[in-house]
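File shown: work10.cif. Contents: mmCIF, C-alpha atoms.
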```cif
data_data
loop_
_atom_site.label_atom_id
_atom_site.label_comp_id
_atom_site.auth_asym_id
_atom_site.auth_seq_id
_atom_site.Cartn_x
_atom_site.Cartn_y
_atom_site.Cartn_z
CA MET A 1 270.06 92.45 220.16
CA THR A 2 270.40 96.12 219.28
CA SER A 3 267.68 98.22 217.72
CA VAL A 4 269.53 98.30 214.46
CA ALA A 5 269.91 94.57 214.39
CA ILE A 6 266.25 94.08 215.22
CA ASN A 7 265.09 96.43 212.51
CA SER A 8 267.41 94.70 210.13
CA SER A 9 266.00 91.26 211.01
CA ILE A 10 262.43 92.50 210.45
CA GLY A 11 263.34 93.84 207.09
CA LYS A 12 264.96 90.57 206.03
CA SER A 13 262.25 88.29 207.39
CA LYS A 14 260.21 86.78 204.62
CA LEU A 15 257.81 85.23 207.10
CA TRP A 16 256.92 87.99 209.56
CA LYS A 17 255.22 90.49 207.36
CA PRO A 18 251.64 91.07 206.24
CA PRO A 19 249.49 89.04 205.95
CA ILE A 20 251.32 86.29 207.88
CA VAL A 21 251.32 88.18 211.20
CA GLY A 22 247.56 88.72 211.02
CA ILE A 23 246.75 85.17 209.97
CA VAL A 24 248.94 83.62 212.68
CA THR A 25 247.49 85.79 215.46
CA PHE A 26 243.91 85.14 214.27
CA VAL A 27 244.37 81.36 214.17
CA LEU A 28 246.18 81.49 217.50
CA MET A 29 243.23 83.35 219.00
CA LEU A 30 240.72 80.74 217.77
CA PHE A 31 242.87 78.00 219.28
CA ALA A 32 243.15 79.99 222.51
CA ILE A 33 239.37 80.29 222.81
CA ALA A 34 238.90 76.58 222.14
CA LEU A 35 241.62 75.66 224.61
CA GLY A 36 240.14 78.03 227.19
CA HIS A 37 236.97 75.93 227.08
CA THR A 38 239.05 72.75 227.31
CA SER A 39 241.00 74.06 230.29
CA MET A 40 237.81 74.69 232.23
CA VAL A 41 236.48 71.21 231.46
CA LEU A 42 239.77 69.62 232.48
CA ILE A 43 240.02 71.61 235.71
CA GLU A 44 236.47 70.59 236.65
CA HIS A 45 237.22 66.99 235.77
CA TRP A 46 240.50 66.75 237.63
CA LEU A 47 239.61 68.72 240.73
CA GLY A 48 235.87 68.08 241.00
CA HIS A 49 233.43 70.94 241.49
CA GLU A 50 233.98 71.63 245.17
CA ARG A 51 237.77 71.87 244.86
CA THR A 52 237.50 73.81 241.62
CA TYR A 53 235.60 76.58 243.39
CA VAL A 54 238.33 76.89 246.01
CA ALA A 55 241.18 76.49 243.52
CA SER A 56 239.70 79.17 241.26
CA ILE A 57 240.29 81.77 244.00
CA PHE A 58 244.01 80.98 244.02
CA MET A 59 244.32 80.55 240.26
CA GLY A 60 242.89 84.04 239.92
CA VAL A 61 245.35 85.39 242.50
CA GLY A 62 248.14 83.72 240.51
CA ALA A 63 246.93 85.51 237.38
CA ILE A 64 247.01 88.85 239.19
CA VAL A 65 250.57 88.17 240.37
CA LEU A 66 251.43 87.39 236.75
CA LEU A 67 249.78 90.63 235.70
CA TRP A 68 251.80 92.50 238.31
CA TYR A 69 255.00 91.25 236.65
CA GLY A 70 253.61 92.21 233.27
CA VAL A 71 252.74 95.71 234.38
CA LYS A 72 256.25 96.19 235.76
CA SER A 73 257.85 95.04 232.52
CA LYS A 74 258.97 97.54 229.89
CA ASN A 75 258.65 94.97 227.13
CA GLU A 76 255.43 95.54 225.16
CA SER A 77 255.44 92.05 223.70
CA LEU A 78 255.74 90.45 227.14
CA GLN A 79 253.14 92.85 228.54
CA THR A 80 250.70 91.84 225.80
CA TRP A 81 251.16 88.11 226.35
CA ILE A 82 250.88 88.40 230.11
CA GLY A 83 247.86 90.68 229.88
CA PHE A 84 246.15 88.23 227.56
CA PHE A 85 246.80 85.12 229.66
CA ALA A 86 246.00 86.90 232.92
CA GLY A 87 242.73 88.14 231.42
CA LEU A 88 241.86 84.68 230.20
CA ILE A 89 242.61 83.07 233.58
CA ILE A 90 240.70 85.73 235.52
CA TRP A 91 237.70 85.28 233.23
CA MET A 92 237.73 81.51 233.67
CA THR A 93 238.27 81.55 237.42
CA TRP A 94 236.94 84.71 239.05
CA VAL A 95 234.09 85.07 236.60
CA GLU A 96 232.97 81.70 235.20
CA PHE A 97 233.90 79.44 238.12
CA PHE A 98 232.60 81.97 240.64
CA TYR A 99 229.29 82.22 238.75
CA MET A 100 229.25 78.44 238.62
CA PHE A 101 229.65 78.30 242.38
CA TYR A 102 226.86 80.81 242.98
CA GLY A 103 224.48 79.30 240.45
CA ARG A 104 224.99 75.62 241.06
CA ALA A 105 226.19 75.31 244.63
CA ASN A 106 225.20 78.41 246.58
CA TRP A 107 221.87 79.58 245.19
CA GLY A 108 220.69 76.17 243.98
CA MET A 109 219.57 77.25 240.54
CA LEU A 110 217.94 74.68 238.33
CA PRO A 111 219.36 73.99 234.89
CA ARG A 112 217.43 75.38 231.97
CA MET A 113 215.85 72.63 229.89
CA ASP A 114 215.72 72.28 226.14
CA GLY A 115 214.51 69.95 223.41
CA PRO A 116 211.06 69.20 221.99
CA ASP A 117 209.85 67.56 225.22
CA GLY A 118 211.77 69.94 227.48
CA LEU A 119 213.72 67.08 229.03
CA SER A 120 217.23 67.80 227.74
CA VAL A 121 219.57 69.94 229.80
CA SER A 122 220.33 73.12 227.87
CA GLY A 123 223.88 74.39 227.36
CA THR A 124 222.85 77.61 229.10
CA PHE A 125 224.01 76.43 232.50
CA PRO A 126 223.17 78.38 235.70
CA GLU A 127 226.46 80.34 235.48
CA TYR A 128 225.47 81.58 232.04
CA MET A 129 221.99 82.51 233.27
CA ILE A 130 223.71 84.71 235.85
CA MET A 131 226.10 86.08 233.23
CA GLY A 132 223.16 87.07 231.05
CA ALA A 133 221.98 89.28 233.90
CA THR A 134 225.25 91.25 233.87
CA ILE A 135 224.39 92.96 230.59
CA GLY A 136 223.50 96.20 232.36
CA ILE A 137 226.87 96.37 234.10
CA LEU A 138 228.59 95.64 230.82
CA LEU A 139 226.71 98.41 229.03
CA MET A 140 227.46 100.81 231.86
CA GLN A 141 231.16 100.07 231.45
CA CYS A 142 230.82 100.46 227.69
CA CYS A 143 229.42 103.94 228.35
CA PHE A 144 232.57 104.76 230.28
CA TYR A 145 234.78 103.70 227.37
CA THR A 146 232.54 105.55 224.90
CA PHE A 147 232.92 108.80 226.83
CA ASP A 148 236.57 108.28 227.79
CA LYS A 149 238.87 110.44 225.70
CA ASP A 150 241.82 108.16 226.38
CA THR A 151 240.24 105.02 224.96
CA ARG A 152 242.07 103.68 221.90
CA CYS A 153 239.66 100.86 221.03
CA ASN A 154 238.66 101.33 217.40
CA MET A 155 235.01 100.55 218.10
CA PHE A 156 234.73 103.24 220.78
CA LEU A 157 236.70 105.70 218.67
CA TRP A 158 234.16 105.07 215.92
CA PHE A 159 231.30 105.68 218.38
CA GLN A 160 232.96 108.91 219.51
CA LYS A 161 233.29 110.05 215.93
CA LYS A 162 229.68 109.21 215.04
CA LEU A 163 228.35 110.77 218.24
CA GLY A 164 230.32 113.94 217.60
CA LEU A 165 232.24 113.59 220.85
CA ARG A 166 235.75 114.22 219.59
CA ASP A 167 235.69 118.00 219.97
CA GLY A 168 233.97 117.88 223.34
CA LEU A 169 236.32 115.26 224.76
CA GLY A 170 239.44 116.95 223.48
CA PRO A 171 242.75 115.29 222.67
CA SER A 172 243.91 112.27 224.60
CA THR A 173 246.14 113.09 227.56
CA LYS A 174 248.02 109.82 227.15
CA LYS A 175 250.71 109.07 224.64
CA ALA A 176 251.92 105.63 223.61
CA LYS A 177 254.75 105.73 226.16
CA ASP A 178 252.21 106.36 228.93
CA ARG A 179 250.25 103.24 228.11
CA ASN A 180 250.83 99.95 229.84
CA TYR A 181 249.89 97.16 227.49
CA ALA A 182 249.67 94.48 230.15
CA ILE A 183 246.67 96.10 231.85
CA ILE A 184 245.22 97.22 228.53
CA THR A 185 245.36 93.69 227.10
CA PHE A 186 244.10 92.28 230.39
CA MET A 187 241.02 94.51 230.36
CA GLU A 188 240.53 94.05 226.62
CA THR A 189 240.50 90.26 226.97
CA ILE A 190 237.95 90.40 229.77
CA TYR A 191 235.67 92.98 228.14
CA VAL A 192 235.73 91.40 224.71
CA THR A 193 234.99 87.97 226.17
CA TRP A 194 232.22 89.41 228.34
CA PHE A 195 230.71 91.32 225.42
CA CYS A 196 230.69 88.25 223.15
CA TYR A 197 229.25 86.03 225.89
CA ALA A 198 226.50 88.58 226.54
CA TRP A 199 225.73 88.80 222.84
CA ASN A 200 225.39 85.02 222.54
CA LEU A 201 223.46 84.65 225.78
CA LEU A 202 220.93 87.33 224.86
CA CYS A 203 220.31 85.70 221.50
CA PHE A 204 219.96 82.26 223.14
CA ASP A 205 217.67 83.32 225.99
CA PRO A 206 214.30 81.64 225.43
CA GLY A 207 212.74 83.98 227.97
CA LEU A 208 213.61 86.95 225.76
CA VAL A 209 213.57 85.62 222.20
CA GLY A 210 211.56 82.41 222.55
CA SER A 211 212.67 79.37 220.61
CA ASP A 212 210.90 79.80 217.30
CA ASP A 213 210.95 82.45 214.58
CA LEU A 214 212.49 85.30 216.58
CA PHE A 215 215.19 83.01 217.93
CA PHE A 216 216.05 81.84 214.43
CA ALA A 217 215.96 85.31 212.88
CA LEU A 218 218.03 86.87 215.64
CA ASN A 219 220.68 84.19 215.52
CA MET A 220 220.87 84.27 211.73
CA THR A 221 221.34 88.03 212.00
CA SER A 222 224.02 87.45 214.64
CA VAL A 223 225.89 85.07 212.34
CA PHE A 224 225.71 87.64 209.56
CA VAL A 225 226.85 90.53 211.76
CA ALA A 226 229.60 88.45 213.38
CA PHE A 227 230.89 87.31 209.99
CA VAL A 228 230.84 90.78 208.47
CA TRP A 229 232.30 92.45 211.55
CA SER A 230 235.03 89.90 212.16
CA GLY A 231 235.69 89.71 208.40
CA TYR A 232 236.17 93.48 208.22
CA CYS A 233 238.44 93.45 211.26
CA PHE A 234 240.31 90.45 209.88
CA SER A 235 240.99 92.34 206.64
CA ARG A 236 242.54 95.11 208.78
CA LEU A 237 244.45 92.57 210.85
CA LEU A 238 246.07 91.21 207.69
CA LYS A 239 247.87 94.53 207.27
CA PHE A 240 249.53 94.43 210.69
CA LYS A 241 253.32 94.17 210.90
CA ARG A 242 253.92 94.32 214.66
CA THR A 243 253.15 91.04 216.41
CA SER A 244 252.19 92.69 219.72
CA THR A 245 249.66 95.01 218.12
CA ALA A 246 248.35 92.18 215.95
CA LEU A 247 247.89 89.95 218.99
CA ARG A 248 245.87 92.63 220.77
CA TYR A 249 243.77 93.27 217.69
CA ALA A 250 243.22 89.54 217.14
CA ILE A 251 241.49 89.21 220.53
CA PRO A 252 238.24 90.88 219.38
CA VAL A 253 238.53 89.54 215.83
CA GLY A 254 238.72 85.94 217.02
CA SER A 255 236.10 86.44 219.72
CA ILE A 256 233.57 88.06 217.40
CA PHE A 257 234.13 85.30 214.86
CA TRP A 258 233.56 82.77 217.64
CA ILE A 259 230.00 84.05 218.11
CA SER A 260 229.09 82.22 214.90
CA VAL A 261 230.83 79.10 216.17
CA GLU A 262 228.70 79.18 219.33
CA ILE A 263 225.52 79.64 217.30
CA ALA A 264 226.49 76.78 214.99
CA THR A 265 226.99 74.49 217.97
CA LYS A 266 223.66 75.63 219.43
CA TRP A 267 222.08 74.46 216.18
CA ASN A 268 223.98 71.16 216.45
CA LEU A 269 225.79 71.79 213.19
CA PHE A 270 228.96 70.28 214.66
CA THR A 271 230.33 68.88 217.88
CA GLU A 272 232.28 71.14 220.23
CA ILE A 273 235.27 68.85 220.48
CA TRP A 274 236.98 71.35 222.80
CA VAL A 275 234.46 70.67 225.58
CA HIS A 276 234.80 66.90 225.13
CA PRO A 277 238.59 66.52 225.31
CA TRP A 278 238.32 62.96 226.60
CA ASP A 279 236.44 61.91 223.50
CA TYR A 280 238.77 63.78 221.15
CA LYS A 281 242.19 63.33 222.71
CA ILE A 282 244.15 63.31 219.46
CA GLU A 283 242.34 66.29 217.96
CA MET A 284 242.72 68.38 221.08
CA THR A 285 246.35 67.39 221.46
CA VAL A 286 246.97 68.56 217.89
CA ILE A 287 245.18 71.86 218.59
CA PHE A 288 247.20 72.34 221.78
CA GLY A 289 250.43 71.57 219.93
CA ALA A 290 249.49 73.97 217.15
CA PHE A 291 248.68 76.67 219.70
CA LEU A 292 252.04 76.25 221.43
CA THR A 293 253.88 76.28 218.10
CA LEU A 294 252.15 79.44 216.92
CA ALA A 295 252.69 81.13 220.28
CA LEU A 296 256.37 80.18 220.20
CA LEU A 297 256.73 81.46 216.66
CA LEU A 298 255.16 84.76 217.67
CA VAL A 299 257.39 85.07 220.72
CA MET A 300 260.48 84.38 218.61
CA ALA A 301 259.38 86.59 215.71
CA PRO A 302 261.59 89.61 215.10
CA LYS A 303 260.34 92.63 216.98
CA LYS A 304 260.57 96.33 216.48
CA PRO A 305 262.48 98.20 219.19
CA SER A 306 259.24 99.74 220.39
CA GLU A 307 257.83 96.27 221.10
CA LEU A 308 260.77 95.44 223.28
CA GLY A 309 260.67 98.62 225.28
CA LYS A 310 263.82 100.00 223.70
CA ALA A 311 262.05 103.05 222.37
CA ARG A 312 258.50 103.99 221.73
CA PRO A 313 257.31 106.51 219.20
CA ASN A 314 254.94 109.16 220.52
CA LEU A 315 251.53 108.43 219.12
CA ASN A 316 248.46 110.52 219.68
CA LEU A 317 245.77 108.61 217.87
CA GLY A 318 245.28 104.92 217.26
CA GLU A 319 247.81 102.20 217.60
CA GLN A 320 250.75 101.62 215.38
CA ARG A 321 250.24 98.77 212.98
CA MET B 1 178.30 69.97 202.57
CA ASN B 2 180.62 69.45 199.63
CA ARG B 3 183.89 67.54 199.77
CA ILE B 4 186.16 70.56 200.15
CA THR B 5 184.06 71.93 202.97
CA ARG B 6 184.20 68.56 204.72
CA TYR B 7 187.98 68.56 204.44
CA PHE B 8 188.16 72.00 205.97
CA VAL B 9 185.83 71.03 208.80
CA CYS B 10 187.93 67.95 209.51
CA LEU B 11 191.13 69.98 209.35
CA ALA B 12 189.71 72.58 211.73
CA ALA B 13 188.61 69.82 214.12
CA VAL B 14 192.09 68.25 214.09
CA LEU B 15 193.74 71.61 214.66
CA LEU B 16 191.34 72.40 217.49
CA LEU B 17 191.97 69.04 219.15
CA SER B 18 195.72 69.33 218.76
CA ASP B 19 195.57 72.80 220.21
CA MET B 20 193.56 71.53 223.16
CA ALA B 21 196.08 68.74 223.69
CA PHE B 22 198.90 71.29 223.53
CA ALA B 23 197.13 73.61 225.93
CA GLY B 24 196.73 70.70 228.34
CA LYS B 25 200.47 70.28 228.68
CA LEU B 26 201.91 72.44 231.41
CA LYS B 27 204.83 74.60 230.37
CA LEU B 28 207.07 76.77 232.50
CA PRO B 29 207.77 80.37 231.49
CA SER B 30 210.49 79.88 228.92
CA GLY B 31 213.32 81.68 230.71
CA MET B 32 213.04 79.51 233.82
CA GLY B 33 215.17 76.57 234.73
CA GLY B 34 213.77 73.16 235.68
CA VAL B 35 210.75 71.17 234.53
CA PRO B 36 207.03 71.69 235.21
CA ASP B 37 206.64 68.43 237.12
CA ILE B 38 209.84 67.10 238.63
CA GLY B 39 207.99 64.11 240.03
CA ALA B 40 207.01 62.87 236.59
CA ILE B 41 210.33 62.79 234.76
CA PRO B 42 212.57 59.78 234.09
CA CYS B 43 215.33 59.31 236.62
CA GLU B 44 217.84 59.60 233.78
CA VAL B 45 216.73 63.20 233.15
CA PHE B 46 216.88 63.89 236.88
CA SER B 47 220.45 62.57 237.00
CA ASN B 48 221.41 64.77 234.04
CA MET B 49 219.91 67.77 235.79
CA MET B 50 221.86 66.81 238.91
CA GLN B 51 225.15 67.20 237.06
CA ILE B 52 224.45 70.83 236.16
CA GLY B 53 222.28 72.07 239.02
CA PRO B 54 222.69 69.60 241.89
CA LEU B 55 221.38 71.68 244.76
CA GLY B 56 218.37 73.12 242.96
CA THR B 57 217.40 69.81 241.41
CA LYS B 58 217.53 67.99 244.75
CA ARG B 59 215.58 70.74 246.45
CA SER B 60 212.96 70.72 243.71
CA LEU B 61 212.26 66.99 244.02
CA LEU B 62 212.29 67.17 247.81
CA THR B 63 209.64 69.91 247.66
CA TRP B 64 207.56 67.68 245.38
CA ALA B 65 208.06 64.81 247.84
CA GLU B 66 206.99 66.94 250.81
CA GLY B 67 203.70 67.69 249.06
CA TYR B 68 203.21 64.02 248.30
CA TYR B 69 203.91 62.96 251.90
CA PHE B 70 201.58 65.61 253.24
CA ALA B 71 198.81 64.37 250.95
CA LYS B 72 199.44 60.79 252.09
CA SER B 73 199.81 61.39 255.83
CA GLY B 74 198.48 64.86 256.56
CA LYS B 75 201.83 65.71 258.16
CA THR B 76 204.46 68.23 257.23
CA ILE B 77 208.00 67.04 256.59
CA ASP B 78 209.13 68.37 259.96
CA GLU B 79 206.45 66.32 261.71
CA ILE B 80 207.41 63.24 259.72
CA LEU B 81 211.09 63.73 260.53
CA ALA B 82 210.26 64.25 264.20
CA ASP B 83 208.45 60.91 264.21
CA ALA B 84 211.41 59.29 262.50
CA GLN B 85 213.71 60.83 265.09
CA GLU B 86 211.64 59.33 267.89
CA ALA B 87 211.87 55.99 266.16
CA GLY B 88 215.64 56.33 266.12
CA THR B 89 216.25 57.46 262.53
CA SER B 90 217.71 60.84 261.83
CA TRP B 91 217.25 62.53 258.47
CA ASP B 92 218.47 65.82 257.06
CA PHE B 93 218.51 67.53 253.67
CA ASP B 94 221.56 65.60 252.47
CA SER B 95 220.36 62.17 253.54
CA LEU B 96 216.82 62.71 252.22
CA THR B 97 217.91 64.00 248.84
CA GLY B 98 220.83 61.56 248.80
CA HIS B 99 218.33 58.69 248.92
CA LEU B 100 216.45 60.14 245.95
CA VAL B 101 219.66 60.66 243.98
CA GLU B 102 220.93 57.15 244.67
CA TYR B 103 217.60 55.59 243.74
CA CYS B 104 217.61 57.43 240.42
CA ALA B 105 221.22 56.58 239.69
CA ALA B 106 220.45 52.91 240.26
CA ASP B 107 217.34 52.87 238.09
CA PRO B 108 217.54 55.46 235.29
CA GLN B 109 214.40 54.15 233.60
CA ALA B 110 212.18 54.68 236.64
CA LEU B 111 210.22 57.86 237.21
CA THR B 112 211.33 60.23 239.95
CA SER B 113 207.98 59.63 241.67
CA ALA B 114 209.14 56.05 242.27
CA ALA B 115 212.16 57.41 244.16
CA VAL B 116 209.88 59.62 246.23
CA ILE B 117 207.56 56.69 246.99
CA ASP B 118 210.55 54.55 247.97
CA LEU B 119 211.78 57.21 250.37
CA GLY B 120 208.25 57.69 251.64
CA GLY B 121 208.09 53.98 252.44
CA ARG B 122 210.93 54.48 254.91
CA LEU B 123 209.72 57.76 256.35
CA LEU B 124 206.02 57.06 256.70
CA SER B 125 206.41 53.52 258.01
CA VAL B 126 207.74 54.89 261.28
CA SER B 127 205.29 57.79 261.39
CA PRO B 128 202.09 56.87 263.28
#
```
File written out as structure tokens:
Amino acid sequence: MTSVAINSSIGKSKLWKPPIVGIVTFVLMLFAIALGHTSMVLIEHWLGHERTYVASIFMGVGAIVLLWYGVKSKNESLQTWIGFFAGLIIWMTWVEFFYMFYGRANWGMLPRMDGPDGLSVSGTFPEYMIMGATIGILLMQCCFYTFDKDTRCNMFLWFQKKLGLRDGLGPSTKKAKDRNYAIITFMETIYVTWFCYAWNLLCFDPGLVGSDDLFFALNMTSVFVAFVWSGYCFSRLLKFKRTSTALRYAIPVGSIFWISVEIATKWNLFTEIWVHPWDYKIEMTVIFGAFLTLALLLVMAPKKPSELGKARPNLNLGEQR
Amino acid sequence: MNRITRYFVCLAAVLLLSDMAFAGKLKLPSGMGGVPDIGAIPCEVFSNMMQIGPLGTKRSLLTWAEGYYFAKSGKTIDEILADAQEAGTSWDFDSLTGHLVEYCAADPQALTSAAVIDLGGRLLSVSP
């Protein structure tokens, strides 16, 4: 398809324009997070713990090979999809399953207990206790992105503006054509997931916030902040026209929104059907089908030439919507 | 003492007693994993803990058992196992904890101490 034809198809499309692009990518992201949980449960169930630990090494290698293809591609849309899936797989395997191995099998950590009599196993499994301890590394990395003049993440750009760093850092040395969206999406997926996990885990840690008033207040505040933050970002997402950019932006929007979902499940407000796929086969099959359909629709959606690597406009600040 | 004062005195007494009862219950520092007394929990809870933290849970109950056996026999676990070895029975971490796990899986209503006592029956019977 030529650039002219592509542009023409975008213009004629009644479906792929704001706010549809934003809504579809947001819903897709929520399904992806739910299905990510389901995948882990299914892998553990099918392979058993011991084999899962070994398999996770190779699944992660497979994701890196996938990423390698993505990085080599000139197609921004393909780069974004590959970066996202590779990030998701690496998080599940090299992070979560590895932590699971260390916590449960190697170091012999005991599960944290919950409930009025302290005899119920808490959802903060050993791997999440370890993950909670990585907050310092996460913040250190966040410092790098805060002080990096080439970062294009809106949150860090906002920090730079508020901290008066823009003049000191100078203009970005990278233009849009210099950026590889596979590795950007890959790192974005991992960092956003890590950040949201850390946020939830800190607010759930009884050693830090107890289990009474402070716990309640902090988690209520979290719900409020997550709703406002994700709501604000969602309102911006609704204006997106390019599916690749929308998909990248939907990663933090969906993940920040999910913080409230995790808190709601911690309060037993509803059942996490995505971690009990055997009990909710039909529901999870429907969610999986919906995810595939939305992903297929996004893949087949008309693209701008820049998304297909035909040509890329030179951008200095921010991403093109 | 008027009626209101009596109510307050009674209320204070109840609060004091409930506080004493609360203070009497051992609690772990809240960030920690595990339970304060692994020997005094239902086997069902032990089995649930086993699913999430198998190695740590087994080790925790074995440590409790070692203390119990020492109190009963005056021997450390290594001495008890050496006696068992002489009597022709070989035990290691997996077989010792495996016995506890199997006992609990078979009888979820029992306390974990019953599993420890059952294992102790086998270990200490051959230890002079």
Could you please determine the separation between atom CA of A:Lys74 and atom CA of A:Phe186 in Å, to one decimal place?
->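 Calculated distance between atom CA of A:Lys74 and atom CA of A:Phe186 is 15.8 Å.
We find atom CA of A:Trp158 and atom CA of A:Cys142 to be spaced 13.1 Å apart.
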Which polymer residues have any atom within 10 Å of an atom of B:Ala115, counting all atoms listed in the file, with same-chain residues fewer than 4 positions away left out, as a ChimeraX atom specification?
-> /B:39,43,61,65,97,99-104,107,110-111,119-121
Hey, could you make a per-residue contact list for chain A against chain B with 8 Å as the cut-off, showing the nearest pair of atoms and its distance in Å to one decimal, counting all atoms listed in the file, sorted by chain and number, as a tab-separated table?
```
residue	atom	partner	partner_atom	distance
A:Gly103	CA	B:Gly53	CA	7.7
A:Arg104	CA	B:Gly53	CA	4.9
A:Ala105	CA	B:Leu55	CA	6.0
A:Asn106	CA	B:Leu55	CA	7.9
A:Trp107	CA	B:Gly56	CA	7.7
A:Gly108	CA	B:Gly56	CA	4.0
A:Met109	CA	B:Gly56	CA	4.9
A:Leu110	CA	B:Gly56	CA	4.9
A:Pro111	CA	B:Gly33	CA	4.9
A:Arg112	CA	B:Gly33	CA	3.8
A:Met113	CA	B:Gly34	CA	6.2
A:Gly118	CA	B:Val35	CA	7.2
A:Leu119	CA	B:Val45	CA	6.4
A:Ser120	CA	B:Val45	CA	7.1
A:Val121	CA	B:Met49	CA	6.4
A:Phe125	CA	B:Ile52	CA	6.7
A:Pro126	CA	B:Gly53	CA	7.2
A:Asp205	CA	B:Gly31	CA	6.6
A:Pro206	CA	B:Gly31	CA	5.4
A:Gly207	CA	B:Gly31	CA	3.6
A:Leu208	CA	B:Gly31	CA	7.2
A:Gly210	CA	B:Ser30	CA	6.9
```
Would you save the residues from that selection as an mmCIF file, in the coordinates of the input, using C-alpha atoms?
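Produced file out.cif, reproduced below:
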```cif
data_model
loop_
_atom_site.group_PDB
_atom_site.id
_atom_site.type_symbol
_atom_site.label_atom_id
_atom_site.label_comp_id
_atom_site.auth_asym_id
_atom_site.auth_seq_id
_atom_site.Cartn_x
_atom_site.Cartn_y
_atom_site.Cartn_z
ATOM 1 C CA GLY A 103 224.480 79.300 240.450
ATOM 2 C CA ARG A 104 224.990 75.620 241.060
ATOM 3 C CA ALA A 105 226.190 75.310 244.630
ATOM 4 C CA ASN A 106 225.200 78.410 246.580
ATOM 5 C CA TRP A 107 221.870 79.580 245.190
ATOM 6 C CA GLY A 108 220.690 76.170 243.980
ATOM 7 C CA MET A 109 219.570 77.250 240.540
ATOM 8 C CA LEU A 110 217.940 74.680 238.330
ATOM 9 C CA PRO A 111 219.360 73.990 234.890
ATOM 10 C CA ARG A 112 217.430 75.380 231.970
ATOM 11 C CA MET A 113 215.850 72.630 229.890
ATOM 12 C CA GLY A 118 211.770 69.940 227.480
ATOM 13 C CA LEU A 119 213.720 67.080 229.030
ATOM 14 C CA SER A 120 217.230 67.800 227.740
ATOM 15 C CA VAL A 121 219.570 69.940 229.800
ATOM 16 C CA PHE A 125 224.010 76.430 232.500
ATOM 17 C CA PRO A 126 223.170 78.380 235.700
ATOM 18 C CA ASP A 205 217.670 83.320 225.990
ATOM 19 C CA PRO A 206 214.300 81.640 225.430
ATOM 20 C CA GLY A 207 212.740 83.980 227.970
ATOM 21 C CA LEU A 208 213.610 86.950 225.760
ATOM 22 C CA GLY A 210 211.560 82.410 222.550
#
```
Ground truth for the PyMOL selection byres ((chain A and resi 229) around 12), written as an MDAnalysis selection string | chainID A and resid 155 221:228 230:236 252:260
Best match for closeness to A:Ile287 among A:Gly60, A:Gly36, A:Gly136, A:Gly309, counting only C-alpha atoms =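 For A:Ile287, the nearest of the given residues is A:Gly36.
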Using all atoms listed in the file, the shortest atom-to-atom distance to A:Ala198 among A:Leu218, A:Val261, A:Ala133, A:Leu42 belongs to A:Ala133
Figure out the distance between atom CA of B:Glu79 and atom CA of B:Leu62, please, to one decimal in Å.
->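 Result for atom CA of B:Leu62 versus atom CA of B:Glu79: 15.1 Å, one decimal.
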